[in-house]
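*Asks:* One file: start04.cif (mmCIF, C-alpha atoms (C1' of nucleotides)).
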data_query
#
loop_
_atom_site.label_atom_id
_atom_site.label_comp_id
_atom_site.auth_asym_id
_atom_site.auth_seq_id
_atom_site.Cartn_x
_atom_site.Cartn_y
_atom_site.Cartn_z
CA MET A 1 208.79 331.98 -15.97
CA VAL A 2 211.84 333.70 -14.59
CA ASN A 3 213.12 337.16 -15.54
CA GLU A 4 215.61 337.83 -18.32
CA LYS A 5 218.42 338.79 -15.97
CA ILE A 6 218.35 335.41 -14.18
CA ARG A 7 218.16 333.55 -17.50
CA LYS A 8 221.27 335.33 -18.69
CA GLN A 9 223.01 334.74 -15.37
CA VAL A 10 222.42 330.96 -15.28
CA LYS A 11 223.50 330.64 -18.90
CA ASP A 12 226.78 332.39 -18.06
CA ASP A 13 227.20 330.22 -14.95
CA PHE A 14 226.71 327.11 -17.06
CA THR A 15 229.21 328.31 -19.68
CA GLU A 16 231.79 328.95 -16.97
CA TYR A 17 231.18 325.50 -15.52
CA LEU A 18 231.45 323.77 -18.91
CA THR A 19 234.58 325.67 -19.85
CA LEU A 20 236.33 325.00 -16.55
CA ARG A 21 235.51 321.29 -16.72
CA LYS A 22 236.44 321.05 -20.40
CA HIS A 23 232.93 319.89 -21.32
CA ARG A 24 231.50 320.74 -24.74
CA LYS A 25 229.00 323.54 -25.22
CA THR A 26 226.30 321.80 -27.23
CA SER A 27 223.02 323.35 -28.39
CA GLU A 28 221.13 320.57 -26.55
CA ARG A 29 222.66 321.55 -23.20
CA TYR A 30 221.73 325.21 -23.53
CA ALA A 31 218.27 324.40 -24.85
CA ILE A 32 217.59 322.15 -21.85
CA LEU A 33 218.83 324.73 -19.34
CA ASP A 34 216.78 327.49 -20.94
CA HIS A 35 213.69 325.31 -21.11
CA ILE A 36 213.99 324.33 -17.44
CA TYR A 37 214.13 328.01 -16.49
CA SER A 38 210.88 328.57 -18.34
CA ILE A 39 209.12 326.03 -16.10
CA ASP A 40 207.47 327.18 -12.87
CA GLY A 41 207.49 324.65 -10.06
CA HIS A 42 208.30 320.96 -10.24
CA PHE A 43 208.93 318.83 -13.29
CA ASN A 44 210.07 315.30 -13.97
CA MET A 45 211.91 313.70 -16.87
CA ASP A 46 208.74 312.75 -18.67
CA SER A 47 207.10 316.16 -18.41
CA LEU A 48 210.35 317.85 -19.43
CA TYR A 49 210.69 315.55 -22.43
CA ASN A 50 207.14 316.22 -23.60
CA SER A 51 207.30 319.91 -22.84
CA MET A 52 210.43 320.24 -24.98
CA LEU A 53 208.79 318.28 -27.80
CA GLU A 54 205.89 320.72 -27.77
CA ALA A 55 208.39 323.56 -28.00
CA CYS A 56 209.79 321.78 -31.07
CA PHE A 57 213.13 320.87 -29.58
CA ARG A 58 213.64 317.11 -29.72
CA VAL A 59 216.24 315.65 -27.34
CA SER A 60 216.65 312.05 -26.32
CA ARG A 61 215.91 310.96 -22.80
CA SER A 62 219.55 309.92 -22.43
CA THR A 63 220.65 313.48 -23.10
CA LEU A 64 218.12 314.81 -20.61
CA TYR A 65 219.50 312.55 -17.88
CA ASN A 66 223.03 313.39 -18.94
CA THR A 67 222.48 317.15 -18.88
CA ILE A 68 220.44 317.19 -15.68
CA GLU A 69 223.40 315.51 -14.02
CA LEU A 70 225.63 318.43 -15.03
CA LEU A 71 223.04 321.00 -13.94
CA LEU A 72 222.74 319.32 -10.55
CA ASP A 73 226.51 319.23 -10.22
CA CYS A 74 226.88 322.95 -10.84
CA GLY A 75 223.91 323.76 -8.62
CA LEU A 76 221.53 325.22 -11.24
CA VAL A 77 218.89 322.55 -10.69
CA VAL A 78 217.63 320.88 -7.52
CA LYS A 79 216.40 317.30 -7.31
CA HIS A 80 213.69 315.82 -5.09
CA GLN A 81 212.77 312.21 -4.46
CA PHE A 82 209.41 312.15 -2.73
CA GLY A 83 208.62 308.46 -3.04
CA ALA A 84 210.25 305.19 -4.10
CA GLY A 85 207.91 304.14 -6.88
CA THR A 86 207.59 307.66 -8.21
CA ALA A 87 209.84 309.49 -10.64
CA ALA A 88 212.33 312.03 -9.31
CA GLN A 89 211.14 315.61 -9.35
CA TYR A 90 213.30 318.59 -10.24
CA GLU A 91 213.07 322.35 -10.05
CA ARG A 92 215.31 325.24 -11.02
CA ALA A 93 217.56 326.48 -8.23
CA TYR A 94 217.21 330.24 -8.80
CA GLY A 95 214.13 332.44 -8.97
CA ASN A 96 212.39 329.80 -6.86
CA GLU A 97 213.32 330.42 -3.28
CA ASN A 98 211.03 328.15 -1.28
CA HIS A 99 212.35 324.74 -0.45
CA ASP A 100 209.89 323.44 2.10
CA HIS A 101 207.61 320.63 0.97
CA ILE A 102 204.49 319.28 2.61
CA ILE A 103 203.76 315.77 1.36
CA CYS A 104 200.57 313.81 1.94
CA VAL A 105 201.47 310.17 2.60
CA ASP A 106 198.03 309.05 1.40
CA CYS A 107 197.49 310.81 -1.94
CA GLY A 108 201.10 311.87 -2.58
CA GLU A 109 200.19 315.49 -3.18
CA VAL A 110 203.13 317.86 -2.70
CA ARG A 111 202.37 321.34 -1.41
CA GLU A 112 204.99 324.02 -1.15
CA THR A 113 205.20 326.55 1.60
CA SER A 114 206.77 329.94 1.23
CA ASN A 115 207.65 330.53 4.88
CA ASN A 116 210.97 328.81 5.34
CA LEU A 117 211.04 327.04 8.68
CA ILE A 118 214.79 327.21 8.90
CA SER A 119 217.29 330.06 8.77
CA GLU A 120 220.41 330.13 6.60
CA ASP A 121 222.48 330.92 9.68
CA GLN A 122 221.64 327.58 11.24
CA LEU A 123 223.05 325.72 8.24
CA LYS A 124 226.42 327.38 8.69
CA LYS A 125 226.77 325.52 11.98
CA ILE A 126 227.41 322.26 10.13
CA ARG A 127 231.07 321.38 10.16
CA LYS A 128 233.23 319.69 7.54
CA PHE A 129 230.53 320.11 4.95
CA THR A 130 229.82 322.58 2.13
CA VAL A 131 226.05 323.03 1.92
CA SER A 132 224.78 323.54 -1.62
CA TYR A 133 221.06 323.28 -0.90
CA TYR A 134 218.62 321.72 1.49
CA SER A 135 215.14 320.27 1.39
CA MET A 136 212.59 320.09 4.13
CA TYR A 137 210.06 317.30 3.71
CA ILE A 138 207.09 317.32 6.03
CA TYR A 139 205.06 314.13 5.80
CA GLY A 140 201.53 313.80 7.06
CA VAL A 141 197.91 313.68 5.97
CA CYS A 142 196.20 316.49 4.07
CA SER A 143 192.71 317.64 5.02
CA LYS A 144 191.07 315.78 2.13
CA CYS A 145 192.70 312.45 2.99
CA SER A 146 192.22 313.07 6.69
CA TYR A 147 188.49 313.15 6.03
CA ALA A 148 188.69 309.99 3.90
CA ARG A 149 190.52 308.25 6.75
CA ARG A 150 187.88 309.16 9.30
CA MET A 151 185.12 307.89 6.99
CA LYS A 152 186.95 304.61 6.45
CA LEU A 153 187.44 304.10 10.18
CA ASN A 154 183.81 304.85 10.89
CA ARG A 155 182.78 302.26 8.32
CA LEU A 156 185.06 299.66 9.94
CA ARG A 157 183.71 300.44 13.40
CA ARG A 158 180.12 299.96 12.27
CA LYS A 159 180.84 296.52 10.78
CA MET B 1 218.71 298.49 20.36
CA VAL B 2 215.81 300.19 22.05
CA ASN B 3 214.66 299.66 25.64
CA GLU B 4 212.06 297.09 26.69
CA LYS B 5 209.42 299.70 27.50
CA ILE B 6 209.43 301.14 23.97
CA ARG B 7 209.38 297.64 22.43
CA LYS B 8 206.29 296.80 24.45
CA GLN B 9 204.69 300.13 23.60
CA VAL B 10 205.13 299.84 19.81
CA LYS B 11 203.84 296.27 19.88
CA ASP B 12 200.71 297.46 21.65
CA ASP B 13 200.33 300.37 19.22
CA PHE B 14 200.59 297.95 16.32
CA THR B 15 198.01 295.60 17.87
CA GLU B 16 195.60 298.49 18.33
CA TYR B 17 196.12 299.57 14.73
CA LEU B 18 195.63 296.05 13.35
CA THR B 19 192.53 295.48 15.45
CA LEU B 20 190.92 298.77 14.51
CA ARG B 21 191.58 298.23 10.81
CA LYS B 22 190.47 294.57 10.97
CA HIS B 23 193.86 293.36 9.78
CA ARG B 24 195.15 289.99 10.91
CA LYS B 25 197.72 289.62 13.67
CA THR B 26 200.24 287.30 12.04
CA SER B 27 203.51 286.11 13.55
CA GLU B 28 205.38 287.57 10.54
CA ARG B 29 204.07 291.07 11.24
CA TYR B 30 205.13 291.05 14.88
CA ALA B 31 208.49 289.46 14.06
CA ILE B 32 209.22 292.19 11.51
CA LEU B 33 208.23 295.01 13.87
CA ASP B 34 210.31 293.57 16.68
CA HIS B 35 213.27 293.02 14.42
CA ILE B 36 213.13 296.58 13.11
CA TYR B 37 213.20 297.89 16.66
CA SER B 38 216.38 295.92 17.28
CA ILE B 39 218.14 297.81 14.47
CA ASP B 40 220.00 301.03 15.22
CA GLY B 41 220.02 303.58 12.43
CA HIS B 42 219.02 303.11 8.82
CA PHE B 43 218.14 299.90 7.03
CA ASN B 44 216.81 298.96 3.62
CA MET B 45 214.75 296.04 2.39
CA ASP B 46 217.77 293.98 1.50
CA SER B 47 219.58 294.46 4.80
CA LEU B 48 216.36 293.79 6.71
CA TYR B 49 215.77 290.61 4.72
CA ASN B 50 219.30 289.32 5.36
CA SER B 51 219.33 290.42 8.96
CA MET B 52 216.11 288.51 9.63
CA LEU B 53 217.52 285.44 7.89
CA GLU B 54 220.52 285.54 10.21
CA ALA B 55 218.15 285.72 13.16
CA CYS B 56 216.52 282.59 11.73
CA PHE B 57 213.22 284.15 10.85
CA ARG B 58 212.53 283.66 7.14
CA VAL B 59 209.99 286.02 5.57
CA SER B 60 209.45 286.71 1.89
CA ARG B 61 210.33 290.07 0.41
CA SER B 62 206.67 290.55 -0.50
CA THR B 63 205.71 290.28 3.15
CA LEU B 64 208.41 292.74 4.13
CA TYR B 65 207.06 295.32 1.67
CA ASN B 66 203.53 294.55 2.73
CA THR B 67 204.26 294.94 6.44
CA ILE B 68 206.47 298.01 6.09
CA GLU B 69 203.51 299.67 4.37
CA LEU B 70 201.38 299.06 7.45
CA LEU B 71 204.13 300.24 9.80
CA LEU B 72 204.53 303.45 7.79
CA ASP B 73 200.78 303.97 7.83
CA CYS B 74 200.55 303.72 11.59
CA GLY B 75 203.67 305.84 12.07
CA LEU B 76 205.97 303.25 13.68
CA VAL B 77 208.52 303.39 10.86
CA VAL B 78 209.87 306.32 8.85
CA LYS B 79 210.93 306.12 5.23
CA HIS B 80 213.69 308.04 3.43
CA GLN B 81 214.47 308.29 -0.25
CA PHE B 82 217.91 309.84 -0.60
CA GLY B 83 218.53 309.15 -4.29
CA ALA B 84 216.72 307.88 -7.36
CA GLY B 85 218.89 304.90 -8.20
CA THR B 86 219.27 303.87 -4.59
CA ALA B 87 216.98 301.74 -2.46
CA ALA B 88 214.65 303.41 0.00
CA GLN B 89 215.98 303.65 3.52
CA TYR B 90 213.93 303.15 6.66
CA GLU B 91 214.33 303.68 10.37
CA ARG B 92 212.18 303.13 13.44
CA ALA B 93 210.14 306.15 14.48
CA TYR B 94 210.63 305.91 18.25
CA GLY B 95 213.82 305.75 20.31
CA ASN B 96 215.53 307.50 17.42
CA GLU B 97 214.89 311.18 17.74
CA ASN B 98 217.19 312.79 15.19
CA HIS B 99 215.72 313.42 11.78
CA ASP B 100 218.26 315.70 10.13
CA HIS B 101 220.33 314.18 7.35
CA ILE B 102 223.44 315.53 5.70
CA ILE B 103 223.93 313.92 2.29
CA CYS B 104 227.02 314.17 0.11
CA VAL B 105 225.95 314.55 -3.52
CA ASP B 106 229.27 313.09 -4.70
CA CYS B 107 229.76 309.90 -2.67
CA GLY B 108 226.18 309.54 -1.38
CA GLU B 109 227.27 309.22 2.24
CA VAL B 110 224.48 310.06 4.69
CA ARG B 111 225.47 311.62 7.99
CA GLU B 112 223.01 312.22 10.79
CA THR B 113 223.07 315.19 13.06
CA SER B 114 221.64 315.20 16.55
CA ASN B 115 221.01 318.92 16.83
CA ASN B 116 217.61 319.42 15.27
CA LEU B 117 217.60 322.58 13.20
CA ILE B 118 213.88 323.03 13.53
CA SER B 119 211.53 323.33 16.50
CA GLU B 120 208.32 321.37 16.93
CA ASP B 121 206.44 324.62 17.51
CA GLN B 122 207.18 325.84 14.01
CA LEU B 123 205.54 322.75 12.50
CA LYS B 124 202.27 323.52 14.25
CA LYS B 125 202.01 326.65 12.11
CA ILE B 126 201.09 324.55 9.07
CA ARG B 127 197.41 324.70 8.36
CA LYS B 128 195.03 322.06 7.02
CA PHE B 129 197.63 319.35 7.55
CA THR B 130 198.31 316.73 10.23
CA VAL B 131 202.07 316.34 10.54
CA SER B 132 203.20 312.82 11.31
CA TYR B 133 206.92 313.29 10.81
CA TYR B 134 209.40 315.40 8.91
CA SER B 135 212.80 314.97 7.34
CA MET B 136 215.46 317.54 6.79
CA TYR B 137 217.81 316.72 3.92
CA ILE B 138 220.88 318.88 3.56
CA TYR B 139 222.74 318.27 0.30
CA GLY B 140 226.29 319.30 -0.34
CA VAL B 141 229.85 318.04 -0.53
CA CYS B 142 231.62 316.33 2.36
CA SER B 143 235.21 317.24 3.22
CA LYS B 144 236.62 314.11 1.56
CA CYS B 145 234.86 314.74 -1.76
CA SER B 146 235.52 318.45 -1.51
CA TYR B 147 239.22 317.63 -1.57
CA ALA B 148 238.77 315.25 -4.52
CA ARG B 149 236.94 318.02 -6.41
CA ARG B 150 239.74 320.51 -5.88
CA MET B 151 242.33 317.98 -7.08
CA LYS B 152 240.28 317.25 -10.20
CA LEU B 153 239.92 320.95 -11.03
CA ASN B 154 243.63 321.54 -10.54
CA ARG B 155 244.40 318.71 -12.93
CA LEU B 156 242.04 320.21 -15.54
CA ARG B 157 243.58 323.67 -15.17
CA ARG B 158 247.09 322.33 -15.74
CA LYS B 159 246.11 320.59 -18.98
"C1'" DA C 1 184.25 277.87 6.47
"C1'" DT C 2 185.70 282.28 4.80
"C1'" DG C 3 188.65 285.41 3.02
"C1'" DT C 4 192.99 287.82 4.29
"C1'" DA C 5 198.04 287.19 4.31
"C1'" DT C 6 202.08 284.87 2.65
"C1'" DG C 7 205.49 283.56 -0.82
"C1'" DC C 8 206.94 282.75 -5.30
"C1'" DA C 9 207.63 284.31 -9.93
"C1'" DA C 10 206.68 287.48 -13.41
"C1'" DA C 11 205.83 292.31 -14.60
"C1'" DC C 12 206.80 297.12 -14.11
"C1'" DC C 13 209.13 301.31 -15.05
"C1'" DA C 14 212.37 305.07 -14.06
"C1'" DT C 15 217.01 305.14 -14.72
"C1'" DT C 16 221.48 303.39 -16.43
"C1'" DT C 17 224.49 301.30 -19.72
"C1'" DG C 18 226.57 299.89 -24.34
"C1'" DC C 19 227.52 301.23 -28.67
"C1'" DA C 20 227.32 303.30 -33.36
"C1'" DA C 21 226.68 307.82 -35.44
"C1'" DT C 22 227.23 312.76 -34.92
"C1'" DG C 23 229.40 317.07 -34.30
"C1'" DA C 24 232.32 320.38 -31.02
"C1'" DC C 25 236.94 321.42 -30.58
"C1'" DG D 1 241.07 314.38 -37.20
"C1'" DT D 2 240.01 313.31 -32.50
"C1'" DC D 3 237.13 312.12 -28.97
"C1'" DA D 4 233.19 313.77 -26.15
"C1'" DT D 5 228.24 313.79 -26.81
"C1'" DT D 6 223.99 312.29 -28.70
"C1'" DG D 7 220.32 308.91 -29.43
"C1'" DC D 8 218.66 304.42 -29.75
"C1'" DA D 9 217.90 299.96 -27.74
"C1'" DA D 10 218.78 296.75 -24.26
"C1'" DA D 11 219.86 295.91 -19.38
"C1'" DT D 12 219.27 296.92 -14.54
"C1'" DG D 13 217.21 296.54 -10.06
"C1'" DG D 14 214.14 298.03 -6.44
"C1'" DT D 15 209.38 297.65 -6.06
"C1'" DT D 16 204.76 296.03 -7.41
"C1'" DT D 17 201.47 292.72 -9.06
"C1'" DG D 18 199.05 288.13 -9.93
"C1'" DC D 19 197.94 284.02 -8.23
"C1'" DA D 20 198.07 279.54 -5.69
"C1'" DT D 21 198.69 278.04 -0.97
"C1'" DA D 22 198.48 278.68 4.07
"C1'" DC D 23 196.42 280.20 8.12
"C1'" DA D 24 193.97 283.87 11.33
"C1'" DT D 25 189.37 284.75 12.36
#
Once you've parsed the file, please lay out its structure as structure tokens.

*Replies:*
Amino acid sequence: MVNEKIRKQVKDDFTEYLTLRKHRKTSERYAILDHIYSIDGHFNMDSLYNSMLEACFRVSRSTLYNTIELLLDCGLVVKHQFGAGTAAQYERAYGNENHDHIICVDCGEVRETSNNLISEDQLKKIRKFTVSYYSMYIYGVCSKCSYARRMKLNRLRRK
Amino acid sequence: MVNEKIRKQVKDDFTEYLTLRKHRKTSERYAILDHIYSIDGHFNMDSLYNSMLEACFRVSRSTLYNTIELLLDCGLVVKHQFGAGTAAQYERAYGNENHDHIICVDCGEVRETSNNLISEDQLKKIRKFTVSYYSMYIYGVCSKCSYARRMKLNRLRRK
DNA sequence: ATGTATGCAAACCATTTGCAATGAC
DNA sequence: GTCATTGCAAATGGTTTGCATACAT
């Protein structure tokens, strides 16, 4: 859960974006934005849909996809695609500063790390491009799966 | 196209992997590996399938998926998922050292940059994790789309 | 001879699309 | 009143799965 000041700020940002683009300010759009900013960490369309149901605000999946598109476009939400078969993951863009992800290629677990491996200054070096956000994906094997791999190999060797 | 030494090396690596895991050494598997190492830059399943057809080596899509899975597992191929609706992209892991991608959120164009923004040393700091590879995705708006955005906004303002 | 790998077709499932009903402007 | 937005249902398309056939061991 993010503080009240940020919640107010993102709502105002969204209003400005909608007004400028001549998009309508519907209750669904604000409810979705506010709900997303009550979620800590990652979410996907399914968990967002269910989580909003629980909070007694029913929106169709179409509207979720529709609104997320706007929120991505104005930079209030960030999208991640960790695997092909898996659903896209999202997270709020503010009040959530760590963007480095450590992904286990065996079990698919996604761990986040707080120590950013890259500095903002380095991103400014990129020419002819306006950076809105970045994602660092580090693929490898977590300690649990690393152990499972060793066991499997040992079994094969013994055969 | 990668040099002969690397081609030989990856073939040997693959043989070692298949032997150790008690997988069979089929002509399809070696043909796919060799073909992938003849491709510069990104490819997807469809382009790989067609490209192999042109080279007169017919393999089923199932076998491509099957084999790519093995090549990912032994670290000879790297996988990227830039968007949800789009097909997964792949590239060979050796003879292809740049892993930083600059992706335009508007047109989806993927640009590669040779100057790695991160040092190998920093990756070693991660604990309880064996890093096999990493990908840096930088999202934003390319100069072409940036111009299109400004034009669109100007049109809306005039209305 | 045995059982893994291949190839085809069908299934899967997150996401997108088409369209009638709703509601913001 | 107009037309963008919502919500439902159907379509899409990359990927996965099931199963008969082929072939590496």

*Asks:* Please evaluate the PyMOL selection byres ((chain C) within 10 of (chain B)) against the displayed coordinates and give the resulting residues as a PyMOL selection string.

*Replies:* chain C and resi 4-8+14-16

*Asks:* Output as a VMD selection string the set of chain D residues within 9 Å of chain B, with distances taken over only C-alpha atoms (C1' of nucleotides).

*Replies:* chain D and resid 13 to 15 23 to 25

*Asks:* Please return, as a VMD selection string, all residues of chain A lying within 7 Å of chain B when only C-alpha atoms are considered.

*Replies:* chain A and resid 21 81 to 84 88 117 to 118 122 128 to 143 156

*Asks:* List as a ChimeraX atom specification the protein and nucleic acid residues near DT2 (chain D), meaning an atom at most 12 Å away when all atoms listed in the file are counted, but skip any in the same chain fewer than 3 places from it.

*Replies:* /C:23-25

*Asks:* Do you have the CA of Val10 (chain B)-CA of Phe57 (chain B) distance handy?

*Replies:* 19.8 Å

*Asks:* Spell out the residues picked by the PyMOL selection byres ((chain B and resi 48) around 10) here, as a PDB file with C-alpha atoms, in the coordinates of the input.

*Replies:*
ATOM      1  CA  ILE B  32     209.220 292.190  11.510  1.00  0.00           C
ATOM      2  CA  HIS B  35     213.270 293.020  14.420  1.00  0.00           C
ATOM      3  CA  ILE B  36     213.130 296.580  13.110  1.00  0.00           C
ATOM      4  CA  ILE B  39     218.140 297.810  14.470  1.00  0.00           C
ATOM      5  CA  HIS B  42     219.020 303.110   8.820  1.00  0.00           C
ATOM      6  CA  PHE B  43     218.140 299.900   7.030  1.00  0.00           C
ATOM      7  CA  ASN B  44     216.810 298.960   3.620  1.00  0.00           C
ATOM      8  CA  MET B  45     214.750 296.040   2.390  1.00  0.00           C
ATOM      9  CA  ASP B  46     217.770 293.980   1.500  1.00  0.00           C
ATOM     10  CA  SER B  47     219.580 294.460   4.800  1.00  0.00           C
ATOM     11  CA  TYR B  49     215.770 290.610   4.720  1.00  0.00           C
ATOM     12  CA  ASN B  50     219.300 289.320   5.360  1.00  0.00           C
ATOM     13  CA  SER B  51     219.330 290.420   8.960  1.00  0.00           C
ATOM     14  CA  MET B  52     216.110 288.510   9.630  1.00  0.00           C
ATOM     15  CA  LEU B  53     217.520 285.440   7.890  1.00  0.00           C
ATOM     16  CA  GLU B  54     220.520 285.540  10.210  1.00  0.00           C
ATOM     17  CA  ARG B  61     210.330 290.070   0.410  1.00  0.00           C
ATOM     18  CA  LEU B  64     208.410 292.740   4.130  1.00  0.00           C
ATOM     19  CA  TYR B  90     213.930 303.150   6.660  1.00  0.00           C
TER      20      TYR B  90
END

*Asks:* Could you state the separation of C1' of DT6 (chain D) and CA of Thr67 (chain A) in Å, given to one decimal place?

*Replies:* 11.1 Å

*Asks:* Taking 5 positions as the minimum chain separation for residues in the same chain, which residues sit within 10 Å of Ile6 (chain A) when counting all atoms listed in the file? Answer as a ChimeraX atom specification.

*Replies:* /A:11-12,37,94-95

*Asks:* By how many Å are C1' of DA9 (chain C) and CA of Ile68 (chain B) apart?

*Replies:*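 These two atoms are separated by 21.1 Å.
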
*Asks:* Would you compute, for all listed atoms of region 23-39 of chain B, the axis-aligned bounding box grown by 3 Å on each side, and then report its centre and edge lengths in Å rounded to one decimal, as JSON?

*Replies:*
{"center_x": 206.0, "center_y": 292.0, "center_z": 13.5, "size_x": 30.3, "size_y": 17.8, "size_z": 13.5}

*Asks:* Take the PyMOL selection byres ((chain D and resi 18) around 10), run it mentally on this structure, and tell me the resulting residues as a compact mmCIF listing (two decimals) with C-alpha atoms (C1' of nucleotides), keeping the file's coordinate frame.

*Replies:*
# COMPACT_ATOMS: atom_id res chain seq x y z
C1' DA C 9 207.63 284.31 -9.93
C1' DA C 10 206.68 287.48 -13.41
C1' DA C 11 205.83 292.31 -14.60
C1' DT D 17 201.47 292.72 -9.06
C1' DC D 19 197.94 284.02 -8.23
C1' DA D 20 198.07 279.54 -5.69

*Asks:* Show me as a PyMOL selection string the residues that reach within 6 Å of (219.1, 329.5, -20.8), counting only C-alpha atoms (C1' of nucleotides) and using the file's own coordinates.

*Replies:* chain A and resi 7+11+30+33-34

*Asks:* Looking at only C-alpha atoms, which of A:Ala55, A:Asn3, A:Cys74, A:Asp40 is the one that sits closest to Glu16 (chain A)?

*Replies:* A:Cys74
